[in-house]
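Heads up, the thing below is written out as structure tokens.
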Amino acid sequence: MITELSSLFSRVSTYTKPEDILLKKGGWVHFSDQWPDTHRWAKGCVFRVKNQPILVPYAVTRTLPESDYADIDLSNAAGGLLLYPESEGVLYQTAVGFKPGNYVVHTYIPSGKYVYNLAYPSMYPDVTSATLRYLGAKEYADSPYTAPLWHLYFIKDMPAFILRLYALAGVEFERITLVFKINKCVLEKIENPTAEMLDKSLLVQWYSELTGF
Amino acid sequence: MATVRVTGHIEANLDTLFTVPAHKKAVLDSVDIDNQSGAQRTVYFRDVFTPSASVGTPSPAETTRERFQTEVANVTTAHIPSTQLEGIQLLGTIYCYADATNAALIIIVNYHFE
């Protein structure tokens with residue numbers, strides 16, 4: 001559901017376009033067996049990208065006062081950004097890039113359930129805490145908008161990704177811009193995947209697999 | 001990079017320099033002011049924008065911030081390079097005004113969006 005590349009990649013990205021690291025026609029995708037039955041078409045299945053994917057750019061901006069925050073919902077729910085597919089058998093691989101600024105971004109899926117926490121009970125992201133607002137927080141260097149390294153995966157009707165944008169103190173107002181590159185992939189199910197396919201395919205996990213350890 | 005040229009107007013009749021597009025900030029590259037108005041003049045840049053709704057301010061109002069101010073002696077051309085404009089980030093509609101209306105007070109602004 002989320003993949004990231006080493007920041008080392010950002011240093012060689014002068015020679016690599018963001019498109020070069022996205023899924024392409026023929027690429028293999030494996031949904032873990034932890035996906036619920038409401039997504040039965042994907043649960044535990046391996047797919048091949050059927051089409052030459054189409055890359056759709058988009059951007060969203062919030063101008064926020066310092067020490068304040070706003071949430072954006074990436075899903076197709078009312079008030080959301082409407083970035084999710086509307087058909088089964090379609091995967092949107094979405095590269096999220098950040099423009100420079102004095103802000104951090106926290107990730108939740110679904111609303112209220114943070115992704116980047118640690119095992120100790122009090123170690124969870126919290127923008128109201130002077131220390132925990134930096135725990136699990138993404139910033140410009142993690143995924144520059146010119147070479148985004150942070151990928152989110154959307155299928156129809158899956159839980160909403162919520163991004164909490166927090167303007168750090170010291171700038172009075174910050175303009176926070178996220179740049180999305182949405183790689184629209186049509187998937188074709190592979191009925192009997194080989195061991196190599198399972199080993200080399202892109203694993204898309206259910207959100208509960210990302211936390212709890 | 002873009003350039004805009006205006007002549008000096010008082011605050012009540014201020015000039016629009018440019019409007020920053022969505023998803024961008026504006027940065028000033030240089031400011032040139034030619035003051036042949038007969039007296040020392042002060043030039044101001046104003047930024048007017050409306051913030052987004054936030055948890056702390058769910059219904060934000062239009063906000064005005066003075067971003068730049070400089071005095072130029074009479075019969076003087078001032079050149080303010082980017083090194084002296086670093087850190088000024090503009091968010092909304094950018095206006096220019098002066099302490100007097102005078103066609104012999106010429107202001108040229110070079111800027112870009114990022």
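Order determines the names: the first chain of the structure tokens is A, the second B, and so forth; residues in each chain are numbered 1 upward, and ligands are numbered 1 upward as they are shown.
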
Taking only C-alpha atoms into account, find every residue of chain B that has an atom no more than 7 Å from chain A, and write it out as a compact mmCIF listing (two decimals) with C-alpha atoms, in the first residue's frame.
# COMPACT_ATOMS: atom_id res chain seq x y z
CA HIS B 23 0.62 25.78 -6.32
CA PRO B 51 -5.17 31.21 3.76
CA SER B 52 -6.74 27.77 3.56
CA SER B 54 -7.13 24.87 9.04
CA VAL B 55 -7.96 23.25 12.35
CA GLY B 56 -7.04 26.45 14.19

Exercise: Tyr103 of chain A partners within 7 Å, only C-alpha atoms, chain neighbours under 4 positions left out, as a ChimeraX atom specification: /A:139,166-168

Restricting the output to C-alpha atoms, write the selected residues as a PDB file, in the first residue's frame.
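Result went into selection09.pdb, see below:
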ATOM      1  CA  GLU A 139       9.148  16.338   4.400  1.00  0.00           C
ATOM      2  CA  TYR A 166       1.438  20.767   9.517  1.00  0.00           C
ATOM      3  CA  ALA A 167       3.051  24.189   9.046  1.00  0.00           C
ATOM      4  CA  LEU A 168       6.015  24.454  11.397  1.00  0.00           C
TER       5      LEU A 168
END

Polymer residues at most 9 Å from Arg67 of chain B, only C-alpha atoms, same-chain spacing of 2 or more positions, as a PyMOL selection string: chain B and resi 44-47+65+69+88-90

Who sits within 7 Å of Pro193 of chain A, only C-alpha atoms, same chain under 4 positions skipped, as a PyMOL selection string: chain A and resi 46+197-198

Looking only at the backbone, which of the residues in segment 50-97 of chain A does DSSP tag as strand (DSSP E or B), as a PDB file with C-alpha atoms, in the first residue's frame?
ATOM      1  CA  ILE A  54      -1.049   6.551 -18.218  1.00  0.00           C
ATOM      2  CA  LEU A  55       0.527   9.113 -15.926  1.00  0.00           C
ATOM      3  CA  VAL A  56      -1.799  11.832 -14.661  1.00  0.00           C
ATOM      4  CA  PRO A  57      -0.241  14.800 -12.852  1.00  0.00           C
ATOM      5  CA  TYR A  58      -2.138  16.705 -10.189  1.00  0.00           C
ATOM      6  CA  ALA A  59      -1.314  19.088  -7.364  1.00  0.00           C
ATOM      7  CA  VAL A  60      -2.913  20.339  -4.199  1.00  0.00           C
ATOM      8  CA  THR A  61      -1.937  23.354  -2.130  1.00  0.00           C
ATOM      9  CA  ARG A  62      -2.856  24.583   1.314  1.00  0.00           C
ATOM     10  CA  THR A  63      -1.709  27.921   2.711  1.00  0.00           C
ATOM     11  CA  LEU A  64      -1.614  27.423   6.463  1.00  0.00           C
ATOM     12  CA  PRO A  65      -0.736  29.576   9.466  1.00  0.00           C
ATOM     13  CA  ASP A  68      -1.485  24.807  12.539  1.00  0.00           C
ATOM     14  CA  TYR A  69      -2.605  21.942  10.347  1.00  0.00           C
ATOM     15  CA  ALA A  70      -5.167  20.669   7.881  1.00  0.00           C
ATOM     16  CA  ASP A  71      -6.065  17.181   6.712  1.00  0.00           C
ATOM     17  CA  ILE A  72      -6.570  16.146   3.112  1.00  0.00           C
ATOM     18  CA  ASP A  73      -8.439  12.977   2.208  1.00  0.00           C
ATOM     19  CA  VAL A  90      -7.541  -0.981 -11.711  1.00  0.00           C
ATOM     20  CA  LEU A  91      -4.608   0.143  -9.575  1.00  0.00           C
ATOM     21  CA  TYR A  92      -3.516   3.743  -9.209  1.00  0.00           C
ATOM     22  CA  GLN A  93       0.130   3.890  -8.246  1.00  0.00           C
ATOM     23  CA  THR A  94       0.542   7.434  -6.971  1.00  0.00           C
ATOM     24  CA  ALA A  95       3.894   9.122  -6.512  1.00  0.00           C
ATOM     25  CA  VAL A  96       3.624  11.925  -3.968  1.00  0.00           C
ATOM     26  CA  GLY A  97       6.204  14.704  -4.154  1.00  0.00           C
TER      27      GLY A  97
END

Residue nearest Ala39 of chain B - candidates B:Gln84, B:Thr64, B:Thr76, B:Asn13, atoms counted: only C-alpha atoms: B:Thr76

Residue neighbourhood Ala77 of chain A, 10 Å, only C-alpha atoms, exclusion window fewer than 5 positions, as an NGL selection string: :A and (82-84 or 157 or 159-160)

Option closest in space to Ser111 of chain A, from A:Ala137, A:Leu152, A:Leu81, A:Leu163 [counting only C-alpha atoms]: A:Leu163

Closest of B:Val109, B:Ala103, B:Phe68, B:Leu28 to Glu86 of chain B - atom-to-atom distances counting only C-alpha atoms: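 With only C-alpha atoms as the atom set, the closest residue is B:Leu28.
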
Residues within 6 Å of Asp34 of chain B, only C-alpha atoms, excluding chain neighbours under 6 positions, as number ranges by chain: B: 77, 105-106

Residues within 9 Å of Val75 of chain B, only C-alpha atoms, excluding chain neighbours under 6 positions, as an MDAnalysis selection string: chainID B and resid 34:40

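With only C-alpha atoms as the atoms that count, the minimum distance from Phe49 of chain B to the choices B:Thr70, B:Asn102, B:Thr93, B:Ser82 is reached by B:Thr93.
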
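Closest approach to Ala78 of chain B among B:Ile33, B:Ala100, B:Leu14, B:Ala53: B:Ile33, based on only C-alpha atoms.
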
From B:Ala22, B:Ala73, B:Ile10, B:Ala2, residue lying nearest Ala98 of chain B [only C-alpha atoms]: B:Ile10
